[in-house]
Amino acid sequence: MEDRMGWARFVGFKMLRLLSLLAGVSVVSFILMQFSPVDPVEAYIGGDMIRVSAEQRSLIEERWGLNDSPVERLFSWGQALVQGDLGTSMIYRQPVADIIQERFMNSVALMAVAWVLSGLIGFGLGVAAAMRRDSRLDRLICWYCYTLASTPVFWIALLLLMVFGVWLGWLPIGLGVPAGMAADQVTWGDRAMHMILPALTLSLTGVAAIALHTRQKLVDVLDSDYILFARARGERGVQLFRRHGFRHVVLPALTLQFASFSELFGGAVLAEQVFSYPGLGQATVQAGLRGDVPLLLGLVLCSAIFVFTGNMLADILYRIIDPRMKEEAIG
């Protein structure tokens, strides 16, 4: 009974934090958009702006509620949100919910592949570096991770694009499907080929943190007294790691991987923009550059929920596996 009450308080507290987070990021994002130099009407009309009269501009502002005060627009948007309506996108002329639903699966598939690859590769590199501490392999892996950690995502994306897309011609240079092909003719293989470069970009940039953290954690474990005793009994190499090291480093690595959802989403925004990949990241950039407030606020809410979910899963994982955290949750 106490266990259930503890988890109920934990979930309730998380839900309150989520609601306050969504309210905070919505208000801050809306305020920042008010200071944007982008003219929403000009972005809405495009190149025909010089042909629009003052009366037509006034009608457009009235249609989208741009002639109302910022407080009124924010209040109207909040009322519609409570009723389940995210509004209509100015640049896509579609409901925001439909745009998010259409692009959600593309981004989720891309980030899921990159998340799994970065976790597996980073964990493997960290273990290899720790087991061969101070060797050439260890120095090479550390140099590789520090280089990746200090390299912008868009630069890696452009580099991969030039090498594998332009020079070698092995992979498509952009988009989510082949250009000019009918939707019913696109196969899963075509989609997978167009996903390789963006997923590879995200996975490479996500390797550094998990590899360096795993290496340091395993080095601390290998310096402990019980590892010294295990070595005295003749345990070496893979057997030593499997019996004594793995269980001590896999949980922190997995927790860090779940907590990296924010970096993953931020990297996806840049990668999708470079490769013109039709996901939430590209839509976020377009909404910001063209002053589409309803679409931007909807995407901000979606990204906040995504990042919060990753952090909450990391907390839940720790509380389930670590007895000390579980007792804290119950108490």
# chains A, B, ... in the order shown; residues from 1 in each chain; ligands from 1
>>> select_by_dssp(residues="region 45-112 of chain A", states="alpha helix (DSSP H)", output="VMD selection string")
chain A and resid 45 54 to 64 70 to 82 96 to 112
>>> write_last_selection(atoms="N, CA and C atoms", output="compact mmCIF listing (two decimals), in the first residue's frame")
# COMPACT_ATOMS: atom_id res chain seq x y z
N ILE A 45 2.10 35.86 -47.35
CA ILE A 45 1.82 36.17 -48.76
C ILE A 45 2.99 35.78 -49.67
N ALA A 54 -3.56 47.92 -48.77
CA ALA A 54 -3.70 48.08 -47.32
C ALA A 54 -4.97 47.42 -46.82
N GLU A 55 -6.05 47.50 -47.63
CA GLU A 55 -7.30 46.86 -47.23
C GLU A 55 -7.16 45.34 -47.19
N GLN A 56 -6.48 44.78 -48.18
CA GLN A 56 -6.27 43.32 -48.19
C GLN A 56 -5.39 42.89 -47.03
N ARG A 57 -4.39 43.68 -46.72
CA ARG A 57 -3.52 43.35 -45.58
C ARG A 57 -4.34 43.36 -44.28
N SER A 58 -5.23 44.33 -44.17
CA SER A 58 -6.07 44.41 -42.97
C SER A 58 -6.98 43.20 -42.86
N LEU A 59 -7.51 42.74 -43.99
CA LEU A 59 -8.37 41.55 -43.97
C LEU A 59 -7.58 40.31 -43.57
N ILE A 60 -6.35 40.21 -44.05
CA ILE A 60 -5.51 39.07 -43.68
C ILE A 60 -5.21 39.09 -42.18
N GLU A 61 -4.89 40.27 -41.67
CA GLU A 61 -4.62 40.38 -40.23
C GLU A 61 -5.85 40.03 -39.40
N GLU A 62 -7.02 40.44 -39.89
CA GLU A 62 -8.25 40.11 -39.19
C GLU A 62 -8.54 38.61 -39.26
N ARG A 63 -8.23 37.99 -40.42
CA ARG A 63 -8.48 36.56 -40.59
C ARG A 63 -7.65 35.74 -39.61
N TRP A 64 -6.41 36.13 -39.38
CA TRP A 64 -5.54 35.37 -38.51
C TRP A 64 -5.45 35.95 -37.10
N PRO A 70 -1.35 41.12 -28.15
CA PRO A 70 -0.69 39.84 -27.84
C PRO A 70 -1.35 39.06 -26.71
N VAL A 71 -1.85 39.79 -25.69
CA VAL A 71 -2.50 39.11 -24.57
C VAL A 71 -3.77 38.41 -25.03
N GLU A 72 -4.53 39.08 -25.89
CA GLU A 72 -5.77 38.48 -26.40
C GLU A 72 -5.48 37.26 -27.25
N ARG A 73 -4.44 37.36 -28.07
CA ARG A 73 -4.10 36.21 -28.93
C ARG A 73 -3.63 35.03 -28.10
N LEU A 74 -2.82 35.29 -27.08
CA LEU A 74 -2.35 34.20 -26.22
C LEU A 74 -3.51 33.58 -25.46
N PHE A 75 -4.43 34.40 -24.98
CA PHE A 75 -5.58 33.89 -24.24
C PHE A 75 -6.48 33.06 -25.16
N SER A 76 -6.69 33.54 -26.39
CA SER A 76 -7.53 32.80 -27.34
C SER A 76 -6.89 31.47 -27.71
N TRP A 77 -5.57 31.48 -27.88
CA TRP A 77 -4.86 30.23 -28.19
C TRP A 77 -4.97 29.25 -27.03
N GLY A 78 -4.84 29.75 -25.80
CA GLY A 78 -4.94 28.88 -24.63
C GLY A 78 -6.32 28.28 -24.48
N GLN A 79 -7.36 29.08 -24.76
CA GLN A 79 -8.73 28.55 -24.70
C GLN A 79 -8.94 27.44 -25.73
N ALA A 80 -8.44 27.66 -26.95
CA ALA A 80 -8.58 26.63 -27.98
C ALA A 80 -7.78 25.38 -27.62
N LEU A 81 -6.63 25.57 -26.98
CA LEU A 81 -5.79 24.43 -26.60
C LEU A 81 -6.51 23.56 -25.57
N VAL A 82 -7.17 24.18 -24.63
CA VAL A 82 -7.90 23.42 -23.61
C VAL A 82 -8.98 22.56 -24.26
N VAL A 96 -2.69 22.50 -37.21
CA VAL A 96 -1.38 22.20 -36.62
C VAL A 96 -1.30 20.74 -36.19
N ALA A 97 -2.40 20.20 -35.65
CA ALA A 97 -2.41 18.80 -35.21
C ALA A 97 -2.16 17.86 -36.37
N ASP A 98 -2.70 18.18 -37.55
CA ASP A 98 -2.47 17.32 -38.72
C ASP A 98 -1.02 17.37 -39.18
N ILE A 99 -0.41 18.55 -39.13
CA ILE A 99 0.99 18.68 -39.54
C ILE A 99 1.89 17.89 -38.59
N ILE A 100 1.64 18.02 -37.28
CA ILE A 100 2.45 17.29 -36.30
C ILE A 100 2.27 15.79 -36.47
N GLN A 101 1.03 15.36 -36.68
CA GLN A 101 0.77 13.93 -36.87
C GLN A 101 1.45 13.41 -38.13
N GLU A 102 1.46 14.20 -39.19
CA GLU A 102 2.06 13.78 -40.45
C GLU A 102 3.57 13.64 -40.35
N ARG A 103 4.20 14.54 -39.61
CA ARG A 103 5.66 14.56 -39.53
C ARG A 103 6.21 13.84 -38.30
N PHE A 104 5.33 13.49 -37.38
CA PHE A 104 5.77 12.90 -36.12
C PHE A 104 6.49 11.57 -36.33
N MET A 105 5.89 10.70 -37.14
CA MET A 105 6.47 9.38 -37.33
C MET A 105 7.83 9.45 -38.04
N ASN A 106 7.99 10.41 -38.96
CA ASN A 106 9.29 10.58 -39.62
C ASN A 106 10.38 10.92 -38.61
N SER A 107 10.07 11.88 -37.73
CA SER A 107 11.06 12.28 -36.72
C SER A 107 11.29 11.19 -35.69
N VAL A 108 10.23 10.51 -35.27
CA VAL A 108 10.39 9.44 -34.27
C VAL A 108 11.24 8.31 -34.83
N ALA A 109 11.00 7.92 -36.07
CA ALA A 109 11.81 6.86 -36.68
C ALA A 109 13.27 7.28 -36.78
N LEU A 110 13.51 8.52 -37.19
CA LEU A 110 14.88 9.02 -37.31
C LEU A 110 15.57 9.05 -35.96
N MET A 111 14.92 9.61 -34.96
CA MET A 111 15.55 9.73 -33.64
C MET A 111 15.67 8.38 -32.94
N ALA A 112 14.75 7.47 -33.18
CA ALA A 112 14.84 6.14 -32.56
C ALA A 112 16.07 5.39 -33.08
>>> residues_around(residues="Arg247 (chain A)", least_positions_apart="5", cutoff="12 Å", atoms="only C-alpha atoms", output="mmCIF file with N, CA, C and O atoms, in the first residue's frame")
data_model
loop_
_atom_site.group_PDB
_atom_site.id
_atom_site.type_symbol
_atom_site.label_atom_id
_atom_site.label_comp_id
_atom_site.auth_asym_id
_atom_site.auth_seq_id
_atom_site.Cartn_x
_atom_site.Cartn_y
_atom_site.Cartn_z
ATOM 1 N N THR A 214 30.638 6.302 -19.695
ATOM 2 C CA THR A 214 30.826 4.871 -19.440
ATOM 3 C C THR A 214 32.278 4.559 -19.130
ATOM 4 O O THR A 214 32.580 3.754 -18.243
ATOM 5 N N LYS A 217 33.068 5.742 -15.534
ATOM 6 C CA LYS A 217 32.396 4.904 -14.548
ATOM 7 C C LYS A 217 33.073 3.539 -14.431
ATOM 8 O O LYS A 217 33.287 3.032 -13.320
ATOM 9 N N LEU A 218 33.430 2.959 -15.556
ATOM 10 C CA LEU A 218 34.071 1.647 -15.523
ATOM 11 C C LEU A 218 35.493 1.733 -14.967
ATOM 12 O O LEU A 218 35.951 0.802 -14.287
ATOM 13 N N VAL A 221 35.132 1.625 -11.318
ATOM 14 C CA VAL A 221 34.814 0.265 -10.879
ATOM 15 C C VAL A 221 36.068 -0.613 -10.890
ATOM 16 O O VAL A 221 36.319 -1.389 -9.951
ATOM 17 N N LEU A 240 36.011 -10.651 -16.512
ATOM 18 C CA LEU A 240 36.003 -9.671 -15.434
ATOM 19 C C LEU A 240 34.915 -8.622 -15.663
ATOM 20 O O LEU A 240 34.174 -8.271 -14.738
ATOM 21 N N PHE A 241 34.810 -8.147 -16.884
ATOM 22 C CA PHE A 241 33.789 -7.145 -17.181
ATOM 23 C C PHE A 241 32.387 -7.737 -17.075
ATOM 24 O O PHE A 241 31.477 -7.108 -16.521
ATOM 25 N N ARG A 242 32.205 -8.940 -17.589
ATOM 26 C CA ARG A 242 30.869 -9.538 -17.590
ATOM 27 C C ARG A 242 30.381 -9.829 -16.174
ATOM 28 O O ARG A 242 29.200 -9.617 -15.859
ATOM 29 N N PRO A 252 23.822 3.440 -15.210
ATOM 30 C CA PRO A 252 24.121 4.860 -15.457
ATOM 31 C C PRO A 252 24.140 5.212 -16.935
ATOM 32 O O PRO A 252 23.695 6.292 -17.321
ATOM 33 N N ALA A 253 24.641 4.300 -17.761
ATOM 34 C CA ALA A 253 24.676 4.579 -19.201
ATOM 35 C C ALA A 253 23.272 4.662 -19.778
ATOM 36 O O ALA A 253 22.961 5.555 -20.577
ATOM 37 N N LEU A 254 22.400 3.744 -19.368
ATOM 38 C CA LEU A 254 21.028 3.752 -19.866
ATOM 39 C C LEU A 254 20.273 4.981 -19.377
ATOM 40 O O LEU A 254 19.487 5.588 -20.125
ATOM 41 N N ILE A 321 15.209 0.172 -10.353
ATOM 42 C CA ILE A 321 16.388 -0.686 -10.233
ATOM 43 C C ILE A 321 17.197 -0.370 -8.987
ATOM 44 O O ILE A 321 17.687 -1.277 -8.302
ATOM 45 N N ASP A 322 17.356 0.918 -8.662
ATOM 46 C CA ASP A 322 18.181 1.305 -7.518
ATOM 47 C C ASP A 322 17.319 1.282 -6.251
ATOM 48 O O ASP A 322 16.383 2.072 -6.126
#
>>> residues_around(residues="region 133-144 of chain A", least_positions_apart="5", cutoff="9 Å", atoms="only C-alpha atoms", output="ChimeraX atom specification")
/A:125-126,128,149,208,211-212,215,219
>>> write_last_selection(atoms="C-alpha atoms", output="PDB file, in the first residue's frame")
ATOM      1  CA  LEU A 125      33.565   2.513 -27.117  1.00  0.00           C
ATOM      2  CA  GLY A 126      33.447   3.492 -23.443  1.00  0.00           C
ATOM      3  CA  ALA A 128      36.760  -0.672 -24.772  1.00  0.00           C
ATOM      4  CA  ALA A 149      31.617  16.827 -28.536  1.00  0.00           C
ATOM      5  CA  ALA A 208      30.618  11.194 -27.178  1.00  0.00           C
ATOM      6  CA  ALA A 211      31.227   6.831 -24.270  1.00  0.00           C
ATOM      7  CA  LEU A 212      33.108   9.217 -21.950  1.00  0.00           C
ATOM      8  CA  ARG A 215      34.617   4.955 -19.616  1.00  0.00           C
ATOM      9  CA  VAL A 219      37.517   3.021 -14.644  1.00  0.00           C
TER      10      VAL A 219
END
>>> atom_distance(atom1="CA of Gly12 (chain A)", atom2="CA of Val28 (chain A)")
24.4 Å
>>> residues_around(residues="Pro37 (chain A)", least_positions_apart="5", cutoff="10 Å", atoms="only C-alpha atoms", output="NGL selection string")
:A and (289-291)
>>> write_last_selection(atoms="N, CA, C and O atoms", output="short mmCIF file (atom, residue, chain, number, x, y, z; two decimals), in the first residue's frame")
data_model
loop_
_atom_site.label_atom_id
_atom_site.label_comp_id
_atom_site.auth_asym_id
_atom_site.auth_seq_id
_atom_site.Cartn_x
_atom_site.Cartn_y
_atom_site.Cartn_z
N LEU A 289 11.16 30.90 -38.79
CA LEU A 289 11.63 31.85 -39.79
C LEU A 289 10.48 32.61 -40.45
O LEU A 289 10.69 33.72 -40.95
N ARG A 290 9.29 32.03 -40.47
CA ARG A 290 8.17 32.66 -41.17
C ARG A 290 7.08 33.14 -40.24
O ARG A 290 5.99 33.49 -40.67
N GLY A 291 7.37 33.19 -38.94
CA GLY A 291 6.45 33.79 -37.99
C GLY A 291 5.14 33.07 -37.82
O GLY A 291 4.12 33.70 -37.51
#
>>> atom_distance(atom1="CA of Leu313 (chain A)", atom2="CA of Phe30 (chain A)")
28.5 Å
>>> closest_atom_pairs(of="region 168-283 of chain A", to="region 157-160 of chain A", cutoff="7 Å", atoms="only C-alpha atoms", output="JSON lines")
{"residue": "A:Leu197", "atom": "CA", "partner": "A:Leu160", "partner_atom": "CA", "distance": 6.9}
{"residue": "A:Thr201", "atom": "CA", "partner": "A:Ala157", "partner_atom": "CA", "distance": 5.6}
{"residue": "A:Ala271", "atom": "CA", "partner": "A:Ala157", "partner_atom": "CA", "distance": 6.2}
{"residue": "A:Val274", "atom": "CA", "partner": "A:Ala157", "partner_atom": "CA", "distance": 6.7}
>>> write_last_selection(atoms="N, CA, C and O atoms", output="PDB file, in the first residue's frame")
ATOM      1  N   LEU A 197      21.696   8.994 -43.816  1.00  0.00           N
ATOM      2  CA  LEU A 197      22.587  10.112 -43.519  1.00  0.00           C
ATOM      3  C   LEU A 197      22.118  10.941 -42.313  1.00  0.00           C
ATOM      4  O   LEU A 197      22.934  11.245 -41.434  1.00  0.00           O
ATOM      5  N   THR A 201      24.248  11.051 -38.781  1.00  0.00           N
ATOM      6  CA  THR A 201      24.681  12.317 -38.191  1.00  0.00           C
ATOM      7  C   THR A 201      24.313  12.396 -36.723  1.00  0.00           C
ATOM      8  O   THR A 201      25.152  12.734 -35.873  1.00  0.00           O
ATOM      9  N   ALA A 271      19.838  18.585 -38.231  1.00  0.00           N
ATOM     10  CA  ALA A 271      20.061  17.541 -39.243  1.00  0.00           C
ATOM     11  C   ALA A 271      18.937  17.520 -40.268  1.00  0.00           C
ATOM     12  O   ALA A 271      19.183  17.391 -41.479  1.00  0.00           O
ATOM     13  N   VAL A 274      19.400  20.425 -42.719  1.00  0.00           N
ATOM     14  CA  VAL A 274      20.479  20.228 -43.693  1.00  0.00           C
ATOM     15  C   VAL A 274      20.052  19.263 -44.788  1.00  0.00           C
ATOM     16  O   VAL A 274      20.294  19.497 -45.986  1.00  0.00           O
TER      17      VAL A 274
END
>>> closest_atom_pairs(of="region 175-244 of chain A", to="region 118-123 of chain A", cutoff="6 Å", atoms="only C-alpha atoms", output="CSV")
residue,atom,partner,partner_atom,distance
A:Ser203,CA,A:Ser118,CA,4.4
A:Gly206,CA,A:Ser118,CA,5.3
A:Val207,CA,A:Gly122,CA,4.5
A:Ile210,CA,A:Gly122,CA,5.2
A:Ala211,CA,A:Gly122,CA,4.3
>>> closest_residue(among="A:Arg243, A:Ser69, A:Trp188, A:Met15", to="Arg231 (chain A)", atoms="only C-alpha atoms")
A:Arg243
>>> closest_residue(among="A:Gln273, A:Arg191, A:Arg51, A:Lys14", to="Asn311 (chain A)", atoms="only C-alpha atoms")
A:Lys14
>>> decode(residues="region 154-193 of chain A", atoms="N, CA and C atoms", output="PDB file, in the first residue's frame")
ATOM      1  N   PHE A 154      25.434  20.531 -37.516  1.00  0.00           N
ATOM      2  CA  PHE A 154      25.233  20.850 -38.931  1.00  0.00           C
ATOM      3  C   PHE A 154      26.518  20.673 -39.733  1.00  0.00           C
ATOM      4  N   TRP A 155      27.692  20.859 -39.077  1.00  0.00           N
ATOM      5  CA  TRP A 155      28.960  20.683 -39.798  1.00  0.00           C
ATOM      6  C   TRP A 155      29.185  19.209 -40.130  1.00  0.00           C
ATOM      7  N   ILE A 156      28.887  18.326 -39.174  1.00  0.00           N
ATOM      8  CA  ILE A 156      29.002  16.890 -39.435  1.00  0.00           C
ATOM      9  C   ILE A 156      28.020  16.482 -40.518  1.00  0.00           C
ATOM     10  N   ALA A 157      26.802  17.039 -40.467  1.00  0.00           N
ATOM     11  CA  ALA A 157      25.806  16.720 -41.489  1.00  0.00           C
ATOM     12  C   ALA A 157      26.277  17.132 -42.875  1.00  0.00           C
ATOM     13  N   LEU A 158      26.840  18.330 -42.986  1.00  0.00           N
ATOM     14  CA  LEU A 158      27.350  18.794 -44.284  1.00  0.00           C
ATOM     15  C   LEU A 158      28.524  17.941 -44.756  1.00  0.00           C
ATOM     16  N   LEU A 159      29.386  17.532 -43.827  1.00  0.00           N
ATOM     17  CA  LEU A 159      30.522  16.696 -44.190  1.00  0.00           C
ATOM     18  C   LEU A 159      30.076  15.344 -44.724  1.00  0.00           C
ATOM     19  N   LEU A 160      29.152  14.694 -44.026  1.00  0.00           N
ATOM     20  CA  LEU A 160      28.619  13.410 -44.493  1.00  0.00           C
ATOM     21  C   LEU A 160      27.883  13.568 -45.818  1.00  0.00           C
ATOM     22  N   LEU A 161      27.190  14.684 -45.970  1.00  0.00           N
ATOM     23  CA  LEU A 161      26.457  14.941 -47.211  1.00  0.00           C
ATOM     24  C   LEU A 161      27.418  15.060 -48.397  1.00  0.00           C
ATOM     25  N   MET A 162      28.515  15.776 -48.200  1.00  0.00           N
ATOM     26  CA  MET A 162      29.480  15.938 -49.288  1.00  0.00           C
ATOM     27  C   MET A 162      30.185  14.625 -49.629  1.00  0.00           C
ATOM     28  N   VAL A 163      30.563  13.874 -48.586  1.00  0.00           N
ATOM     29  CA  VAL A 163      31.347  12.654 -48.827  1.00  0.00           C
ATOM     30  C   VAL A 163      30.492  11.550 -49.425  1.00  0.00           C
ATOM     31  N   PHE A 164      29.396  11.192 -48.737  1.00  0.00           N
ATOM     32  CA  PHE A 164      28.610  10.027 -49.149  1.00  0.00           C
ATOM     33  C   PHE A 164      27.507  10.359 -50.157  1.00  0.00           C
ATOM     34  N   GLY A 165      27.080  11.615 -50.185  1.00  0.00           N
ATOM     35  CA  GLY A 165      26.013  11.974 -51.102  1.00  0.00           C
ATOM     36  C   GLY A 165      26.493  12.563 -52.411  1.00  0.00           C
ATOM     37  N   VAL A 166      27.570  13.403 -52.342  1.00  0.00           N
ATOM     38  CA  VAL A 166      28.041  14.117 -53.528  1.00  0.00           C
ATOM     39  C   VAL A 166      29.250  13.428 -54.147  1.00  0.00           C
ATOM     40  N   TRP A 167      30.311  13.243 -53.365  1.00  0.00           N
ATOM     41  CA  TRP A 167      31.543  12.683 -53.935  1.00  0.00           C
ATOM     42  C   TRP A 167      31.398  11.213 -54.308  1.00  0.00           C
ATOM     43  N   LEU A 168      30.937  10.399 -53.366  1.00  0.00           N
ATOM     44  CA  LEU A 168      30.815   8.962 -53.623  1.00  0.00           C
ATOM     45  C   LEU A 168      29.495   8.602 -54.298  1.00  0.00           C
ATOM     46  N   GLY A 169      28.454   9.362 -54.033  1.00  0.00           N
ATOM     47  CA  GLY A 169      27.156   9.085 -54.637  1.00  0.00           C
ATOM     48  C   GLY A 169      26.500   7.818 -54.138  1.00  0.00           C
ATOM     49  N   TRP A 170      26.838   7.385 -52.924  1.00  0.00           N
ATOM     50  CA  TRP A 170      26.283   6.146 -52.389  1.00  0.00           C
ATOM     51  C   TRP A 170      24.874   6.341 -51.833  1.00  0.00           C
ATOM     52  N   LEU A 171      24.597   7.521 -51.306  1.00  0.00           N
ATOM     53  CA  LEU A 171      23.337   7.748 -50.596  1.00  0.00           C
ATOM     54  C   LEU A 171      22.647   8.996 -51.128  1.00  0.00           C
ATOM     55  N   PRO A 172      21.325   9.095 -50.978  1.00  0.00           N
ATOM     56  CA  PRO A 172      20.598  10.297 -51.404  1.00  0.00           C
ATOM     57  C   PRO A 172      21.071  11.518 -50.617  1.00  0.00           C
ATOM     58  N   ILE A 173      21.048  12.673 -51.264  1.00  0.00           N
ATOM     59  CA  ILE A 173      21.563  13.886 -50.628  1.00  0.00           C
ATOM     60  C   ILE A 173      20.510  14.583 -49.770  1.00  0.00           C
ATOM     61  N   GLY A 174      19.268  14.164 -49.827  1.00  0.00           N
ATOM     62  CA  GLY A 174      18.265  14.827 -49.014  1.00  0.00           C
ATOM     63  C   GLY A 174      16.876  14.271 -49.235  1.00  0.00           C
ATOM     64  N   LEU A 175      15.894  14.947 -48.613  1.00  0.00           N
ATOM     65  CA  LEU A 175      14.483  14.596 -48.647  1.00  0.00           C
ATOM     66  C   LEU A 175      14.221  13.279 -47.907  1.00  0.00           C
ATOM     67  N   GLY A 176      12.935  12.969 -47.726  1.00  0.00           N
ATOM     68  CA  GLY A 176      12.557  11.750 -47.024  1.00  0.00           C
ATOM     69  C   GLY A 176      12.234  10.612 -47.956  1.00  0.00           C
ATOM     70  N   VAL A 177      11.926  10.940 -49.224  1.00  0.00           N
ATOM     71  CA  VAL A 177      11.608   9.941 -50.253  1.00  0.00           C
ATOM     72  C   VAL A 177      12.209  10.431 -51.563  1.00  0.00           C
ATOM     73  N   PRO A 178      12.338   9.574 -52.586  1.00  0.00           N
ATOM     74  CA  PRO A 178      12.848  10.022 -53.878  1.00  0.00           C
ATOM     75  C   PRO A 178      11.976  11.106 -54.488  1.00  0.00           C
ATOM     76  N   ALA A 179      12.618  12.124 -55.052  1.00  0.00           N
ATOM     77  CA  ALA A 179      11.890  13.247 -55.644  1.00  0.00           C
ATOM     78  C   ALA A 179      11.148  12.797 -56.901  1.00  0.00           C
ATOM     79  N   GLY A 180       9.927  13.273 -57.056  1.00  0.00           N
ATOM     80  CA  GLY A 180       9.147  12.987 -58.249  1.00  0.00           C
ATOM     81  C   GLY A 180       8.459  11.638 -58.262  1.00  0.00           C
ATOM     82  N   MET A 181       8.556  10.871 -57.187  1.00  0.00           N
ATOM     83  CA  MET A 181       7.931   9.550 -57.147  1.00  0.00           C
ATOM     84  C   MET A 181       6.584   9.638 -56.444  1.00  0.00           C
ATOM     85  N   ALA A 182       5.585   8.971 -56.985  1.00  0.00           N
ATOM     86  CA  ALA A 182       4.263   8.959 -56.380  1.00  0.00           C
ATOM     87  C   ALA A 182       4.308   8.279 -55.012  1.00  0.00           C
ATOM     88  N   ALA A 183       3.425   8.730 -54.124  1.00  0.00           N
ATOM     89  CA  ALA A 183       3.443   8.224 -52.752  1.00  0.00           C
ATOM     90  C   ALA A 183       3.200   6.719 -52.689  1.00  0.00           C
ATOM     91  N   ASP A 184       2.336   6.196 -53.560  1.00  0.00           N
ATOM     92  CA  ASP A 184       2.042   4.763 -53.515  1.00  0.00           C
ATOM     93  C   ASP A 184       3.153   3.913 -54.104  1.00  0.00           C
ATOM     94  N   GLN A 185       4.145   4.540 -54.725  1.00  0.00           N
ATOM     95  CA  GLN A 185       5.272   3.810 -55.293  1.00  0.00           C
ATOM     96  C   GLN A 185       6.499   3.808 -54.388  1.00  0.00           C
ATOM     97  N   VAL A 186       6.454   4.601 -53.321  1.00  0.00           N
ATOM     98  CA  VAL A 186       7.589   4.685 -52.397  1.00  0.00           C
ATOM     99  C   VAL A 186       7.605   3.451 -51.498  1.00  0.00           C
ATOM    100  N   THR A 187       8.741   2.779 -51.424  1.00  0.00           N
ATOM    101  CA  THR A 187       8.886   1.582 -50.604  1.00  0.00           C
ATOM    102  C   THR A 187       9.592   1.920 -49.290  1.00  0.00           C
ATOM    103  N   TRP A 188       9.539   0.966 -48.359  1.00  0.00           N
ATOM    104  CA  TRP A 188      10.245   1.153 -47.091  1.00  0.00           C
ATOM    105  C   TRP A 188      11.752   1.230 -47.311  1.00  0.00           C
ATOM    106  N   GLY A 189      12.248   0.538 -48.341  1.00  0.00           N
ATOM    107  CA  GLY A 189      13.662   0.627 -48.657  1.00  0.00           C
ATOM    108  C   GLY A 189      14.068   2.022 -49.086  1.00  0.00           C
ATOM    109  N   ASP A 190      13.203   2.693 -49.863  1.00  0.00           N
ATOM    110  CA  ASP A 190      13.482   4.070 -50.268  1.00  0.00           C
ATOM    111  C   ASP A 190      13.541   4.993 -49.052  1.00  0.00           C
ATOM    112  N   ARG A 191      12.591   4.822 -48.139  1.00  0.00           N
ATOM    113  CA  ARG A 191      12.572   5.651 -46.936  1.00  0.00           C
ATOM    114  C   ARG A 191      13.816   5.396 -46.079  1.00  0.00           C
ATOM    115  N   ALA A 192      14.221   4.116 -45.984  1.00  0.00           N
ATOM    116  CA  ALA A 192      15.391   3.780 -45.173  1.00  0.00           C
ATOM    117  C   ALA A 192      16.663   4.380 -45.769  1.00  0.00           C
ATOM    118  N   MET A 193      16.793   4.357 -47.087  1.00  0.00           N
ATOM    119  CA  MET A 193      17.975   4.934 -47.740  1.00  0.00           C
ATOM    120  C   MET A 193      18.068   6.437 -47.480  1.00  0.00           C
TER     121      MET A 193
END
